[in-house]
Amino acid sequence: MKYNNLTAAVLATLALSSPIAQADITLHHAITGEVLDMSVAKSGGHTDAFKQFMQTGKNPYNSDKEAVEKGKSLYMTGCSGCHGHEAEGKLGPGLADDYWTYPANATDKGLFELLFGGANGMMGPQYVNFSTDEMLHIMAFLRDIYKGDPKKAKWLKD
């Protein structure tokens with residue numbers, strides 16, 4: 001098939017203007033480094049916000065007051081018994097300051113990986129208790145109550 005210059009220009013424009021598919025980030029277990037098996041996730045968490053998180057590694061709920069309130073409620077129910085009502089630390093470490101037992105938690109991707117897959121000690125995988133979307137809400141709450149130096153808050157950086 002023979003193309004004239006106009007047809008070639010139209011085809012080139014279409015090719016250049018079509019959206020490029022962005023691959024999902026790869027999530028790894030915080031301890032073993034193995035790729036997390038997302039097929040075991042609790043149902044109901046595959047929301048648009050979670051899809052966005054999987055594209056960028058950034059929590060779209062950060063700074064969303066409604067999401068933070070939902071995250072607070074979920075945190076109080078499932079996390080405060082070990083981490084304290086204000087994430088100050090009890091049996092588990094504090095979660096509102098600059099010290100992270102797992103430094104990767106300073107990023108949204110790292111914090112999600114730890115929540116989903118668990119860690120050492122008593123912190124088991126939370127995919128059995130929360131959907132992936134609920135985990136993002138809990139993370140938004142933790143980011144909202146952060147009392148550390150904003151310069152150290154990697155989740156605030158682009």
# chains A, B, ... in the order shown; residues from 1 in each chain; ligands from 1

call {"tool": "residues_around", "arguments": {"residues": "Met139 (chain A)", "least_positions_apart": "4", "cutoff": "8 Å", "atoms": "only C-alpha atoms", "output": "list in words"}}
result
Asn59, Asn62, Gly71, Asp108, Leu111, Phe112, Met135 and Arg143 of chain A

call {"tool": "write_last_selection", "arguments": {"atoms": "N, CA, C and O atoms", "output": "PDB file, in the first residue's frame"}}
result
ATOM      1  N   ASN A  59       0.770   7.760  47.151  1.00  0.00           N
ATOM      2  CA  ASN A  59      -0.580   7.579  47.657  1.00  0.00           C
ATOM      3  C   ASN A  59      -1.453   8.779  47.256  1.00  0.00           C
ATOM      4  O   ASN A  59      -1.233   9.887  47.737  1.00  0.00           O
ATOM      5  N   ASN A  62      -3.022  11.022  50.181  1.00  0.00           N
ATOM      6  CA  ASN A  62      -2.284  11.937  51.054  1.00  0.00           C
ATOM      7  C   ASN A  62      -2.899  13.327  50.951  1.00  0.00           C
ATOM      8  O   ASN A  62      -3.170  13.810  49.863  1.00  0.00           O
ATOM      9  N   GLY A  71      -8.968   6.653  57.180  1.00  0.00           N
ATOM     10  CA  GLY A  71      -7.738   5.978  57.575  1.00  0.00           C
ATOM     11  C   GLY A  71      -7.560   5.954  59.086  1.00  0.00           C
ATOM     12  O   GLY A  71      -7.098   4.957  59.652  1.00  0.00           O
ATOM     13  N   ASP A 108       5.913   6.152  50.140  1.00  0.00           N
ATOM     14  CA  ASP A 108       4.598   5.498  50.132  1.00  0.00           C
ATOM     15  C   ASP A 108       4.704   4.052  49.663  1.00  0.00           C
ATOM     16  O   ASP A 108       4.063   3.162  50.214  1.00  0.00           O
ATOM     17  N   LEU A 111       6.118   1.940  52.553  1.00  0.00           N
ATOM     18  CA  LEU A 111       5.149   1.750  53.636  1.00  0.00           C
ATOM     19  C   LEU A 111       4.066   0.762  53.207  1.00  0.00           C
ATOM     20  O   LEU A 111       3.668  -0.112  53.976  1.00  0.00           O
ATOM     21  N   PHE A 112       3.612   0.880  51.972  1.00  0.00           N
ATOM     22  CA  PHE A 112       2.605  -0.060  51.480  1.00  0.00           C
ATOM     23  C   PHE A 112       3.154  -1.486  51.472  1.00  0.00           C
ATOM     24  O   PHE A 112       2.462  -2.419  51.886  1.00  0.00           O
ATOM     25  N   MET A 135      -5.570   0.133  53.044  1.00  0.00           N
ATOM     26  CA  MET A 135      -4.180   0.378  53.438  1.00  0.00           C
ATOM     27  C   MET A 135      -3.737   1.773  53.012  1.00  0.00           C
ATOM     28  O   MET A 135      -3.040   2.461  53.761  1.00  0.00           O
ATOM     29  N   ARG A 143       0.568   9.711  57.391  1.00  0.00           N
ATOM     30  CA  ARG A 143       1.269  10.859  56.808  1.00  0.00           C
ATOM     31  C   ARG A 143       0.713  12.159  57.379  1.00  0.00           C
ATOM     32  O   ARG A 143       1.444  13.128  57.577  1.00  0.00           O
TER      33      ARG A 143
END

call {"tool": "residues_around", "arguments": {"residues": "region 43-52 of chain A", "least_positions_apart": "5", "cutoff": "9 Å", "atoms": "only C-alpha atoms", "output": "compact mmCIF listing (two decimals) with N, CA and C atoms, in the first residue's frame"}}
result
# COMPACT_ATOMS: atom_id res chain seq x y z
N ASP A 24 2.97 -0.87 35.76
CA ASP A 24 2.79 -0.81 37.20
C ASP A 24 4.13 -0.94 37.90
N GLY A 57 3.47 4.89 42.60
CA GLY A 57 4.10 4.62 43.89
C GLY A 57 3.80 5.69 44.93
N LYS A 58 2.94 6.63 44.58
CA LYS A 58 2.53 7.70 45.50
C LYS A 58 1.07 7.52 45.88
N ASN A 59 0.77 7.76 47.15
CA ASN A 59 -0.58 7.58 47.66
C ASN A 59 -1.45 8.78 47.26
N PRO A 60 -2.45 8.56 46.42
CA PRO A 60 -3.31 9.68 46.01
C PRO A 60 -4.18 10.22 47.14
N TYR A 61 -4.28 9.50 48.25
CA TYR A 61 -5.09 9.95 49.38
C TYR A 61 -4.33 10.89 50.33
N PHE A 130 -7.05 -5.87 55.78
CA PHE A 130 -7.44 -4.66 55.07
C PHE A 130 -7.31 -4.87 53.57
N SER A 131 -8.19 -4.20 52.81
CA SER A 131 -8.03 -4.19 51.36
C SER A 131 -6.89 -3.25 51.01
N THR A 132 -6.42 -3.32 49.79
CA THR A 132 -5.33 -2.44 49.37
C THR A 132 -5.75 -0.98 49.46
N ASP A 133 -6.99 -0.67 49.14
CA ASP A 133 -7.49 0.69 49.24
C ASP A 133 -7.53 1.14 50.71
N GLU A 134 -7.95 0.27 51.60
CA GLU A 134 -7.96 0.61 53.03
C GLU A 134 -6.55 0.88 53.53
N MET A 135 -5.57 0.13 53.04
CA MET A 135 -4.18 0.38 53.44
C MET A 135 -3.74 1.77 53.01
N LEU A 136 -4.15 2.20 51.83
CA LEU A 136 -3.81 3.55 51.38
C LEU A 136 -4.44 4.60 52.29

call {"tool": "select_by_dssp", "arguments": {"residues": "chain A", "states": "alpha helix (DSSP H)", "output": "count of residues only"}}
result
63

call {"tool": "closest_residue", "arguments": {"among": "A:Phe53, A:Tyr146, A:Tyr75, A:Trp155", "to": "Leu95 (chain A)", "atoms": "only C-alpha atoms"}}
result
A:Tyr146

call {"tool": "residues_around", "arguments": {"residues": "Gly81 (chain A)", "least_positions_apart": "2", "cutoff": "12 Å", "atoms": "only C-alpha atoms", "output": "list in words"}}
result
Leu74, Tyr75, Met76, Thr77, Gly78, Cys79, His83, Gly84, His85, Glu86, Ala87, Glu88, Gly89, Lys90, Leu91, Gly92, Pro93, Gly94, Met122 and Met123 of chain A

call {"tool": "write_last_selection", "arguments": {"atoms": "N, CA, C and O atoms", "output": "PDB file, in the first residue's frame"}}
result
ATOM      1  N   LEU A  74      -9.814   3.234  60.489  1.00  0.00           N
ATOM      2  CA  LEU A  74      -9.226   1.917  60.212  1.00  0.00           C
ATOM      3  C   LEU A  74      -8.004   1.674  61.089  1.00  0.00           C
ATOM      4  O   LEU A  74      -7.830   0.576  61.634  1.00  0.00           O
ATOM      5  N   TYR A  75      -7.164   2.683  61.247  1.00  0.00           N
ATOM      6  CA  TYR A  75      -5.970   2.578  62.091  1.00  0.00           C
ATOM      7  C   TYR A  75      -6.373   2.273  63.538  1.00  0.00           C
ATOM      8  O   TYR A  75      -5.783   1.397  64.175  1.00  0.00           O
ATOM      9  N   MET A  76      -7.345   2.989  64.054  1.00  0.00           N
ATOM     10  CA  MET A  76      -7.767   2.792  65.451  1.00  0.00           C
ATOM     11  C   MET A  76      -8.274   1.360  65.665  1.00  0.00           C
ATOM     12  O   MET A  76      -8.038   0.770  66.708  1.00  0.00           O
ATOM     13  N   THR A  77      -8.935   0.828  64.681  1.00  0.00           N
ATOM     14  CA  THR A  77      -9.473  -0.526  64.783  1.00  0.00           C
ATOM     15  C   THR A  77      -8.397  -1.593  64.670  1.00  0.00           C
ATOM     16  O   THR A  77      -8.391  -2.550  65.433  1.00  0.00           O
ATOM     17  N   GLY A  78      -7.468  -1.411  63.729  1.00  0.00           N
ATOM     18  CA  GLY A  78      -6.548  -2.505  63.427  1.00  0.00           C
ATOM     19  C   GLY A  78      -5.093  -2.307  63.786  1.00  0.00           C
ATOM     20  O   GLY A  78      -4.322  -3.267  63.735  1.00  0.00           O
ATOM     21  N   CYS A  79      -4.694  -1.092  64.153  1.00  0.00           N
ATOM     22  CA  CYS A  79      -3.258  -0.824  64.318  1.00  0.00           C
ATOM     23  C   CYS A  79      -2.888  -0.224  65.678  1.00  0.00           C
ATOM     24  O   CYS A  79      -1.765  -0.415  66.162  1.00  0.00           O
ATOM     25  N   HIS A  83       0.643   0.036  67.914  1.00  0.00           N
ATOM     26  CA  HIS A  83       1.404   1.239  67.577  1.00  0.00           C
ATOM     27  C   HIS A  83       0.965   2.476  68.351  1.00  0.00           C
ATOM     28  O   HIS A  83       1.564   3.535  68.197  1.00  0.00           O
ATOM     29  N   GLY A  84      -0.073   2.355  69.188  1.00  0.00           N
ATOM     30  CA  GLY A  84      -0.556   3.479  69.982  1.00  0.00           C
ATOM     31  C   GLY A  84      -1.614   4.285  69.260  1.00  0.00           C
ATOM     32  O   GLY A  84      -1.654   4.315  68.036  1.00  0.00           O
ATOM     33  N   HIS A  85      -2.472   4.940  70.042  1.00  0.00           N
ATOM     34  CA  HIS A  85      -3.583   5.700  69.471  1.00  0.00           C
ATOM     35  C   HIS A  85      -3.130   6.915  68.672  1.00  0.00           C
ATOM     36  O   HIS A  85      -3.861   7.405  67.819  1.00  0.00           O
ATOM     37  N   GLU A  86      -1.944   7.402  68.954  1.00  0.00           N
ATOM     38  CA  GLU A  86      -1.406   8.523  68.191  1.00  0.00           C
ATOM     39  C   GLU A  86      -0.144   8.111  67.448  1.00  0.00           C
ATOM     40  O   GLU A  86       0.698   8.951  67.135  1.00  0.00           O
ATOM     41  N   ALA A  87      -0.029   6.813  67.193  1.00  0.00           N
ATOM     42  CA  ALA A  87       1.113   6.232  66.479  1.00  0.00           C
ATOM     43  C   ALA A  87       2.428   6.524  67.192  1.00  0.00           C
ATOM     44  O   ALA A  87       3.480   6.582  66.562  1.00  0.00           O
ATOM     45  N   GLU A  88       2.348   6.658  68.531  1.00  0.00           N
ATOM     46  CA  GLU A  88       3.533   6.974  69.329  1.00  0.00           C
ATOM     47  C   GLU A  88       4.394   5.747  69.618  1.00  0.00           C
ATOM     48  O   GLU A  88       5.531   5.877  70.042  1.00  0.00           O
ATOM     49  N   GLY A  89       3.862   4.573  69.380  1.00  0.00           N
ATOM     50  CA  GLY A  89       4.598   3.337  69.624  1.00  0.00           C
ATOM     51  C   GLY A  89       4.219   2.726  70.956  1.00  0.00           C
ATOM     52  O   GLY A  89       4.046   3.428  71.953  1.00  0.00           O
ATOM     53  N   LYS A  90       4.035   1.423  70.955  1.00  0.00           N
ATOM     54  CA  LYS A  90       3.782   0.631  72.159  1.00  0.00           C
ATOM     55  C   LYS A  90       4.558  -0.665  71.956  1.00  0.00           C
ATOM     56  O   LYS A  90       5.767  -0.672  72.015  1.00  0.00           O
ATOM     57  N   LEU A  91       3.842  -1.736  71.670  1.00  0.00           N
ATOM     58  CA  LEU A  91       4.505  -2.996  71.319  1.00  0.00           C
ATOM     59  C   LEU A  91       5.236  -2.862  69.989  1.00  0.00           C
ATOM     60  O   LEU A  91       6.310  -3.401  69.797  1.00  0.00           O
ATOM     61  N   GLY A  92       4.621  -2.151  69.073  1.00  0.00           N
ATOM     62  CA  GLY A  92       5.226  -1.863  67.773  1.00  0.00           C
ATOM     63  C   GLY A  92       5.838  -0.474  67.804  1.00  0.00           C
ATOM     64  O   GLY A  92       5.551   0.325  68.701  1.00  0.00           O
ATOM     65  N   PRO A  93       6.659  -0.145  66.826  1.00  0.00           N
ATOM     66  CA  PRO A  93       7.334   1.160  66.819  1.00  0.00           C
ATOM     67  C   PRO A  93       6.376   2.319  66.563  1.00  0.00           C
ATOM     68  O   PRO A  93       5.280   2.139  66.030  1.00  0.00           O
ATOM     69  N   GLY A  94       6.822   3.506  66.930  1.00  0.00           N
ATOM     70  CA  GLY A  94       6.101   4.722  66.601  1.00  0.00           C
ATOM     71  C   GLY A  94       6.098   4.922  65.088  1.00  0.00           C
ATOM     72  O   GLY A  94       7.018   4.495  64.392  1.00  0.00           O
ATOM     73  N   MET A 122       6.039  -9.158  65.411  1.00  0.00           N
ATOM     74  CA  MET A 122       4.596  -9.407  65.445  1.00  0.00           C
ATOM     75  C   MET A 122       3.842  -8.797  64.268  1.00  0.00           C
ATOM     76  O   MET A 122       2.643  -9.007  64.132  1.00  0.00           O
ATOM     77  N   MET A 123       4.510  -8.029  63.436  1.00  0.00           N
ATOM     78  CA  MET A 123       3.830  -7.356  62.327  1.00  0.00           C
ATOM     79  C   MET A 123       3.628  -8.323  61.172  1.00  0.00           C
ATOM     80  O   MET A 123       4.499  -8.517  60.321  1.00  0.00           O
TER      81      MET A 123
END

call {"tool": "closest_atom_pairs", "arguments": {"of": "region 53-109 of chain A", "to": "region 148-154 of chain A", "cutoff": "7 Å", "atoms": "only C-alpha atoms", "output": "CSV"}}
result
residue,atom,partner,partner_atom,distance
A:Asp97,CA,A:Gly148,CA,4.7
A:Asp98,CA,A:Gly148,CA,5.1
A:Ala106,CA,A:Lys154,CA,5.6
A:Thr107,CA,A:Lys154,CA,5.5
